[in-house]
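A short write-up of the structure that comes next.
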Amino acid sequence: MWVFYLLSLPLTMGMVVMTLKYFAGPHVPTYVLFTVGYTWFCSLSLIILVPADIWTTIMGHYNVGISFFWSFSYWSTFLLTWVVAPTIQGYEDAGDFTMTERLKTSIHANLVFYVCIGAIGLFGLILLILLRRDWSGGILGLAMACSNTFGLVTGAFLLGFGLSEIPKGIWKNADWTARQKVLTHKVAKMAVELDDAHQEFSNAIVIAQATSKQMSKRDTLRPYMNIIDDMLFQMLKEDPSFKPQGGRLGENDMDYDTDEKSMATLRRQLRRAREEYYRYRSEYTKFVLEALELEDTVKNNERRDVTGWKYISSFRPERSGTIGSFLDMIELMWRCILRKQLKKLLAIILGCMSAAILLAEATILPSGVDLSLFSILINAVGRQEVLVQVAAFVPLMYMCICTYYSLFKIGMLMFYSLTPRQTSSVSLLMICSMVARYAPPISYNFLNLIRLDGDEKTIFEQKMGNIDDAVPFFGKGFNKIYPLIMVIYTILIASSFFHRVIEYFGNWKIFKFQNESEDMDGFDQSGVIILKKERSGLEQGHKVGEHVIPLARNFNNVTIDIEPGSNNVEKVDTELKSTKVMEDGKRGQLQSLKEEALIDTSREAINNMDLVKKNVTSSTADSSNLQNVTAGSSSRFASKWEAMKTGFQNLKSNIVAKRFIPLRQGQETKIDHVSSSESLDEIFERLKQPTMNRRGYYNDDDHDLDIREMRSSR
């Protein structure tokens, strides 16, 4: 009985430790890591206890050990998710300077939440007293059923979404062309998000330094400002590659020196700006590396006969020797052949498992029919302990994955973020609270799918109580009705019913859930250009994200002809060679970081305009020779000319309306008004003149002076 449970415990502990190590940021305190790890472990221990509980029920033995572990794991997760995790989360989010003040801020922030929960609990207790007079099932079990009613109902819809989206997503990602399209869109969006986060971080640094400058050394708030100065100095010391640019002060940005609470707000703002910046940089790096690796895979698949079935990577040198050649061949077979087919096979298997779960959920209502494949399988293996527990554990773990996938997907859009090696303490605590909140309902939902001989109840079902007792005003059949509602909801999700309804009513697009299928319509032009420049930077020894250029802001209307199914990057490379002009020509002649940032911005603007100018020139030359080509090629060149002409007109209108917003100084750079009557050469001459307004930029010389002052003060 304990074999499977004792083997699963160390594996669960190892999985929790590896997950924390992969997602936790570098500044997460040890007590937060311990709290999150212990909460995850208790939640997963509930999951792995279900198969052992089913086995003891089949054998007809009441095990005291399982009863103890159920109570211990359940009430541990209950206290962690409702008391401990929210308190520590508010403590970590507070910007106060002492432990007492941070605890006060945390309790005050959670006070409204606790009051609401208490009011709902009191109302439910009064309602149950009025509607229920038979307490033979036990008040504690009734309280457990009440506490999990919300998780049972909402968890069913989260489960339905995951059952549909996970197999579908794996199948779509197996298509290289579709995945490349998705990645170009993600890279373009993340580049813009990263640029915005860089601006916010730079603004926070400028505000902190300006507040420090205007505060005298005898000010009563000066000790708090010294703490912020030390934190800022440590931030810049940890990442010397970060160069603040574009920071400027707003109207109310100099009001942080009024009292201790305002200083705490300044500290919290600076810390959150740093976390946002590094989170977006991590996500941007992840998508760029995935896109570049996928490009390598496509190229190796097309040229495997030429390379002798050896995988050639652009991220590492070629392996040498006989063993190196063998490893290259194994890597090519895995990346180009096996992995793609295994993804499709996995999608089919998970799709069948999703269908089996939906069938089991849909047939809970009929009492005389048992169409649950898991129930049939568990009863068929009889008294074979290991097979019974494996047959129960596999579908239960898949249900957990589907539920948590939906929970993370929705939560990351509104509440928290889950980013590799950059997840903050607040996000980790909120995620662990959600995981603990849904572990018991998932286990209870799975136990409802299993019909044991004699309709015997497991120990957990006896302890947890019946949801029908918790919600008597819904009737005795509510425990069997809500899964059927989830099945209907899942079928509507799988058939894209809600997507079609929202598309039909155009004004409802604000309720549209963002998914990757919307990014498969075509390649994102700016994303392709960014990937091309990142690959060029890697070949020159730079790191990913070192020179982020969100060209979506400048070329969102320029079209690039990319044929689906082809190697898009090679085609784009031949058309975009002019974007490398003046990239490294004058870097050694710059005298300061400020001038470097300004000149780089001017150069990038000229490069982008040179790209359009060269394309216009080449298109003009092609149009002059239209009479010497065939009719088919004539229409093709004419369409390209019209597209380029339209793109240039849109770009010119953007120059007039937005004054050509560059990357870092997008909101500060100003270019003189360009009239519609000016010629193309006049536009280029005007852009080449250094007429940018430098007011409002972050002064790196002042920054160096501030750092020296902070060092001397230390």
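If you're wondering about the labels, chains in the structure tokens are A, B, ... by order shown, residues count from 1 in each chain, ligands from 1 in order shown.
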
Point to revise | For Gly160 (chain A): contacts at 12 Å, only C-alpha atoms, fewer than 2 positions along chain excluded, given as an MDAnalysis selection string | key: chainID A and resid 153:158 162:166 354:355 357:358 361 398:407 482:494

Each residue of region 373-469 of chain A with at least one atom at most 10 Å from region 24-42 of chain A should appear once, together with its nearest atom pair and the corresponding distance in Å (one decimal); atoms considered: only C-alpha atoms; ordering: chain, then increasing residue number; output as CSV.
residue,atom,partner,partner_atom,distance
A:Leu418,CA,A:Ala24,CA,8.8
A:Thr419,CA,A:Ala24,CA,8.1
A:Pro420,CA,A:Ala24,CA,7.1
A:Arg421,CA,A:Gly25,CA,4.7
A:Gln422,CA,A:Gly25,CA,4.0
A:Thr423,CA,A:Gly25,CA,4.9
A:Ser424,CA,A:Gly25,CA,5.7
A:Ser425,CA,A:Val28,CA,5.5
A:Val426,CA,A:Val32,CA,9.1
A:Ser427,CA,A:Ala24,CA,9.5
A:Leu428,CA,A:Val36,CA,6.8
A:Leu429,CA,A:Val36,CA,6.1
A:Met430,CA,A:Val36,CA,9.2
A:Ile431,CA,A:Val36,CA,8.5
A:Cys432,CA,A:Val36,CA,5.7
A:Ser433,CA,A:Thr39,CA,7.7
A:Met434,CA,A:Trp40,CA,9.9
A:Val435,CA,A:Trp40,CA,7.0
A:Ala436,CA,A:Thr39,CA,6.5
A:Ala439,CA,A:Cys42,CA,9.2

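Across the model, the gap from CA of Thr322 (chain A) to CA of Leu338 (chain A) is 22.4 Å.
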
**Study point:** Test item: residues at most 9 Å from Arg437 (chain A), only C-alpha atoms, excluding those fewer than 3 positions along its chain, as an MDAnalysis selection string
**Key:** chainID A and resid 43 77:78 81:82 148 151 432:434 440:441

Now that the selection is made, can you save its residues with all heavy atoms as a PDB file, in the first residue's frame?
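What follows is the written file result-v5.pdb:
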ATOM      1  N   SER A  43       0.392  20.353  -1.302  1.00  0.00           N
ATOM      2  CA  SER A  43      -0.673  20.240  -2.307  1.00  0.00           C
ATOM      3  C   SER A  43      -0.495  18.985  -3.157  1.00  0.00           C
ATOM      4  O   SER A  43      -1.454  18.254  -3.418  1.00  0.00           O
ATOM      5  CB  SER A  43      -0.664  21.487  -3.197  1.00  0.00           C
ATOM      6  OG  SER A  43      -0.825  22.661  -2.424  1.00  0.00           O
ATOM      7  N   THR A  77      -2.496  22.893   3.815  1.00  0.00           N
ATOM      8  CA  THR A  77      -2.759  23.694   2.625  1.00  0.00           C
ATOM      9  C   THR A  77      -3.829  24.743   2.892  1.00  0.00           C
ATOM     10  O   THR A  77      -3.776  25.849   2.333  1.00  0.00           O
ATOM     11  CB  THR A  77      -3.195  22.791   1.460  1.00  0.00           C
ATOM     12  OG1 THR A  77      -4.338  22.018   1.865  1.00  0.00           O
ATOM     13  CG2 THR A  77      -2.084  21.848   1.057  1.00  0.00           C
ATOM     14  N   PHE A  78      -4.800  24.406   3.733  1.00  0.00           N
ATOM     15  CA  PHE A  78      -5.861  25.366   4.050  1.00  0.00           C
ATOM     16  C   PHE A  78      -5.291  26.604   4.744  1.00  0.00           C
ATOM     17  O   PHE A  78      -5.597  27.746   4.369  1.00  0.00           O
ATOM     18  CB  PHE A  78      -6.913  24.688   4.940  1.00  0.00           C
ATOM     19  CG  PHE A  78      -8.080  25.571   5.265  1.00  0.00           C
ATOM     20  CD1 PHE A  78      -9.157  25.665   4.399  1.00  0.00           C
ATOM     21  CD2 PHE A  78      -8.109  26.315   6.437  1.00  0.00           C
ATOM     22  CE1 PHE A  78     -10.241  26.484   4.696  1.00  0.00           C
ATOM     23  CE2 PHE A  78      -9.181  27.135   6.740  1.00  0.00           C
ATOM     24  CZ  PHE A  78     -10.255  27.220   5.866  1.00  0.00           C
ATOM     25  N   THR A  81      -2.908  28.620   2.289  1.00  0.00           N
ATOM     26  CA  THR A  81      -3.527  29.370   1.196  1.00  0.00           C
ATOM     27  C   THR A  81      -4.391  30.527   1.667  1.00  0.00           C
ATOM     28  O   THR A  81      -4.561  31.514   0.945  1.00  0.00           O
ATOM     29  CB  THR A  81      -4.368  28.418   0.329  1.00  0.00           C
ATOM     30  OG1 THR A  81      -4.782  29.103  -0.862  1.00  0.00           O
ATOM     31  CG2 THR A  81      -5.602  27.951   1.057  1.00  0.00           C
ATOM     32  N   TRP A  82      -4.936  30.442   2.909  1.00  0.00           N
ATOM     33  CA  TRP A  82      -5.839  31.491   3.371  1.00  0.00           C
ATOM     34  C   TRP A  82      -5.221  32.443   4.382  1.00  0.00           C
ATOM     35  O   TRP A  82      -5.733  33.543   4.571  1.00  0.00           O
ATOM     36  CB  TRP A  82      -7.101  30.879   3.969  1.00  0.00           C
ATOM     37  CG  TRP A  82      -7.955  30.160   2.987  1.00  0.00           C
ATOM     38  CD1 TRP A  82      -8.097  28.810   2.846  1.00  0.00           C
ATOM     39  CD2 TRP A  82      -8.775  30.745   1.979  1.00  0.00           C
ATOM     40  NE1 TRP A  82      -8.949  28.507   1.821  1.00  0.00           N
ATOM     41  CE2 TRP A  82      -9.385  29.687   1.258  1.00  0.00           C
ATOM     42  CE3 TRP A  82      -9.056  32.048   1.595  1.00  0.00           C
ATOM     43  CZ2 TRP A  82     -10.252  29.898   0.201  1.00  0.00           C
ATOM     44  CZ3 TRP A  82      -9.931  32.262   0.536  1.00  0.00           C
ATOM     45  CH2 TRP A  82     -10.517  31.204  -0.142  1.00  0.00           C
ATOM     46  N   ASN A 148     -14.652  24.126  -0.133  1.00  0.00           N
ATOM     47  CA  ASN A 148     -14.207  23.648  -1.441  1.00  0.00           C
ATOM     48  C   ASN A 148     -15.266  23.762  -2.529  1.00  0.00           C
ATOM     49  O   ASN A 148     -15.029  23.332  -3.655  1.00  0.00           O
ATOM     50  CB  ASN A 148     -13.761  22.186  -1.339  1.00  0.00           C
ATOM     51  CG  ASN A 148     -12.461  22.029  -0.582  1.00  0.00           C
ATOM     52  OD1 ASN A 148     -11.385  22.299  -1.090  1.00  0.00           O
ATOM     53  ND2 ASN A 148     -12.571  21.605   0.667  1.00  0.00           N
ATOM     54  N   GLY A 151     -13.950  26.019  -5.235  1.00  0.00           N
ATOM     55  CA  GLY A 151     -12.919  25.349  -6.012  1.00  0.00           C
ATOM     56  C   GLY A 151     -13.468  24.259  -6.904  1.00  0.00           C
ATOM     57  O   GLY A 151     -12.983  24.044  -8.017  1.00  0.00           O
ATOM     58  N   CYS A 432       1.448  29.861  -5.454  1.00  0.00           N
ATOM     59  CA  CYS A 432       1.369  28.743  -4.498  1.00  0.00           C
ATOM     60  C   CYS A 432       0.030  28.746  -3.783  1.00  0.00           C
ATOM     61  O   CYS A 432      -0.512  27.677  -3.455  1.00  0.00           O
ATOM     62  CB  CYS A 432       2.530  28.803  -3.516  1.00  0.00           C
ATOM     63  SG  CYS A 432       2.283  29.876  -2.080  1.00  0.00           S
ATOM     64  N   SER A 433      -0.533  29.920  -3.526  1.00  0.00           N
ATOM     65  CA  SER A 433      -1.845  29.992  -2.908  1.00  0.00           C
ATOM     66  C   SER A 433      -2.915  29.397  -3.814  1.00  0.00           C
ATOM     67  O   SER A 433      -3.804  28.662  -3.359  1.00  0.00           O
ATOM     68  CB  SER A 433      -2.176  31.452  -2.568  1.00  0.00           C
ATOM     69  OG  SER A 433      -3.464  31.560  -2.009  1.00  0.00           O
ATOM     70  N   MET A 434      -2.825  29.684  -5.111  1.00  0.00           N
ATOM     71  CA  MET A 434      -3.788  29.124  -6.059  1.00  0.00           C
ATOM     72  C   MET A 434      -3.636  27.613  -6.193  1.00  0.00           C
ATOM     73  O   MET A 434      -4.629  26.872  -6.282  1.00  0.00           O
ATOM     74  CB  MET A 434      -3.609  29.798  -7.423  1.00  0.00           C
ATOM     75  CG  MET A 434      -4.003  31.255  -7.449  1.00  0.00           C
ATOM     76  SD  MET A 434      -5.777  31.490  -7.183  1.00  0.00           S
ATOM     77  CE  MET A 434      -5.893  33.270  -7.285  1.00  0.00           C
ATOM     78  N   PRO A 440      -7.350  20.085  -3.284  1.00  0.00           N
ATOM     79  CA  PRO A 440      -8.433  19.218  -2.779  1.00  0.00           C
ATOM     80  C   PRO A 440      -9.624  19.093  -3.734  1.00  0.00           C
ATOM     81  O   PRO A 440     -10.135  17.976  -3.916  1.00  0.00           O
ATOM     82  CB  PRO A 440      -8.828  19.897  -1.453  1.00  0.00           C
ATOM     83  CG  PRO A 440      -7.635  20.679  -1.040  1.00  0.00           C
ATOM     84  CD  PRO A 440      -7.034  21.164  -2.312  1.00  0.00           C
ATOM     85  N   PRO A 441     -10.106  20.180  -4.366  1.00  0.00           N
ATOM     86  CA  PRO A 441     -11.224  20.005  -5.299  1.00  0.00           C
ATOM     87  C   PRO A 441     -10.897  19.094  -6.480  1.00  0.00           C
ATOM     88  O   PRO A 441     -11.770  18.343  -6.936  1.00  0.00           O
ATOM     89  CB  PRO A 441     -11.518  21.440  -5.772  1.00  0.00           C
ATOM     90  CG  PRO A 441     -11.026  22.308  -4.682  1.00  0.00           C
ATOM     91  CD  PRO A 441      -9.822  21.619  -4.148  1.00  0.00           C
TER      92      PRO A 441
END

Practice item. Name the residues of region 149-315 of chain A that come out as helix (DSSP H, G or I) in a backbone DSSP run; write them as a ChimeraX atom specification. Key: /A:149-173,176-214,222-238,260-302
